[in-house]
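Undergrad: Questions regarding the structure given below will be posed in turn.
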Amino acid sequence: MKMQIHSLTAGGAYEQQHTSCAYTLICFIQRRHEKKISSELFPLEIHSYKHLTLNKNCVYHSYHLPWFRTLSWYFLLCVNYFFYGETVTDYFFTLVQREEPLRILSKYHRFISFALYLTGFCMFVLSLVKKHYRLQFYMFGWTHVTLLIVVTQSHLIIHNLFEGMIWFIVPISCVICNDIMAYMFGFFFGRTPLIKLSPKKTWEGFIGGFFATIVFGILLSYVMSGYSYFVCPVEFNNDSNSFTVDCEPSELFQLQDYGLPPVLQSITGWTTVKLYPFQIHSIALSAFASIMGPFGGFFASGFKRAFKIKDFANTIPGHGGIMDRFDCQYLMATFVNVYIASFIRGPNPSKVIQQLLALRPDQQLHIFNSLKAHLTEKGLLPALEEAA
């Protein structure tokens with residue numbers, strides 16, 4: 001009971017610790033390459049999974065459920081094999097096609113992944129004990145939910161990184177900014193409680209954090225959009241067999257003129273402003289970080305109260321565990337990935353060419369003839385020949 005009371009009254013200290021830890025992470029991220037960050041996310045994923053399964057292990061020791069811990073880590077291995085295999089095939093396609101063992105693994109990757117999962121499924125069925133059927137199925141479901149929360153989100157974070165560092169830094173910075181500004185507005189102006197799960201949260205802090213995060217997101221996006229290191233997607237260079245972050249910035253990261261509404265024209269005296277199109281998208285990212293991001297924290301708070309614990313772990317002295325620091329970030333990673341797929345990403349010519357080069361010569365010739373006939377029908381091919 002004492003632990004619960006402490007967790008409810010330590011709101012200010014919690015936010016300050018969260019802020020300092022998060023900004024340390026930001027400074028670290030800005031000095032690392034995407035490929036290195038991707039490899040470093042795996043240990044964070046392992047720690048998060050371990051923290052979420054901590055209570056399950058306590059149950060395991062109490063009831064002596066057979067194979068429980070082994071199956072938990074086995075399913076983690078299977079899911080990581082599936083997701084990381086998909087990522088390697090997608091971004092290392094040319095390299096995978098060069099090596100025969102990798103090419104075979106890539107071709108049958110999903111079948112192998114499914115076979116691995118079926119093996120774990122059968123092991124679970126064989127481990128069922130008559131007196132603990134309900135508990136074992138409960139643990140089985142818990143394991144799958146934990147995998148969904150941790151591994152899937154980590155996979156999406158890696159995909160966001162490959163689209164450009166800006167798609168990683170801006171979203172997590174907006175979540176951090178919202179935490180800080182919601183605390184500040186709530187501390188000075190907070191009067192109306194927001195949600196029972198977090199008694200220190202107020203409507204004033206929630207609304208103030210929303211508008212402050214919108215402004216912060218626009219300003220940060222303006223600064224980062226001017227640097228190719230942050231905006232260029234990661235691409236594999238066939239000549240050097242390495243990833244490169246060098247490109248001509250797309251229209252999303254080039255300054256454009258936007259007309260102001262008449263009301264703002266009368267106030268500022270300007271008719272147009274120069275903005276990066278990404279700044280418009282940053283409004284959606286900031287809005288999500290302010291409105292939906294906190295619900296990740298509320299979910300974690302409810303989870304910990306349900307099991308009467310203050311923190312998921314004590315990995316970071318004074319800060320709790322990895323999951324305590326990143327509870328709001330997981331929803332954000334999913335939203336960014338869905339947003340990119342829905343509104344940003346288009347057909348990638350380089351990936352299409354890589355896939356074409358992997359085909360047999362007769363298949364390549366068939367596609368060439370089909371494309372030539374299509375361009376001739378559209379009237380584009382003669383124009384290209386005349387220009388040549």
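In the structure tokens, chains take letters A, B, ... by order of appearance, with residues numbered from 1 within each chain and ligands from 1 in the order shown.
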Tell me, as a CSV table (one decimal) with N, CA, C and O atoms, in the first residue's frame, which residues lie within 9 Å of Val215 of chain A, counting only C-alpha atoms; anything in the same chain fewer than 5 positions away does not count.
TA:
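Generated output (result-v2.csv):
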```csv
chain,number,residue,atom,x,y,z
A,210,PHE,N,-0.6,20.3,-25.6
A,210,PHE,CA,-1.0,20.1,-27.0
A,210,PHE,C,-0.5,21.2,-27.9
A,210,PHE,O,0.2,21.0,-28.8
A,220,LEU,N,11.1,22.4,-34.8
A,220,LEU,CA,12.1,21.4,-34.9
A,220,LEU,C,12.2,20.9,-36.3
A,220,LEU,O,13.2,20.6,-36.8
A,283,ILE,N,2.6,18.7,-38.0
A,283,ILE,CA,1.4,19.0,-37.2
A,283,ILE,C,0.6,17.8,-36.8
A,283,ILE,O,0.2,17.6,-35.7
A,286,SER,N,2.7,15.9,-34.2
A,286,SER,CA,2.6,16.5,-32.9
A,286,SER,C,1.2,16.4,-32.2
A,286,SER,O,1.1,16.2,-31.0
```
Undergrad: Taking 3 positions as the minimum chain separation for residues in the same chain, which residues sit within 9 Å of Thr143 of chain A when counting only C-alpha atoms? Answer as a VMD selection string.
TA: chain A and resid 53 56 72 75 to 76 138 to 140 146 to 148
Undergrad: Run DSSP on the backbone and grab whatever in segment 30-260 of chain A lands in alpha helix (DSSP H); send it over as an MDAnalysis selection string.
TA: chainID A and resid 34:52 54:63 68:91 93:98 100:107 109:126 133:162 166:189 203:224 228:231
Undergrad: Taking a cut-off of 12 Å and counting only C-alpha atoms, can you build a table that, for each residue of segment 352-381 of chain A near segment 89-96 of chain A, reports the nearest atom pair and how far apart they are in Å (one decimal), sorted by chain then residue number, as CSV?
TA:
```
residue,atom,partner,partner_atom,distance
A:Val352,CA,A:Phe93,CA,10.7
A:Ile353,CA,A:Thr94,CA,10.3
A:Gln354,CA,A:Thr94,CA,6.5
A:Gln355,CA,A:Phe93,CA,8.0
A:Leu356,CA,A:Thr94,CA,10.9
A:Leu357,CA,A:Thr94,CA,9.0
A:Ala358,CA,A:Thr94,CA,8.3
```
Undergrad: Just the strand (DSSP E or B) stuff from segment 28-243 of chain A, please, per backbone DSSP, written as a PyMOL selection string.
TA: chain A and resi 193-195+198-202+235-237+242-243
Undergrad: At what distance in Å, to one decimal, does atom CA of Tyr108 of chain A lie from atom CA of Thr87 of chain A?
TA: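 Between these atoms lies a distance of 14.4 Å.
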Undergrad: Using Å and a single decimal, report how far atom CA of Thr152 of chain A sits from atom CA of Leu285 of chain A.
TA: 19.7 Å
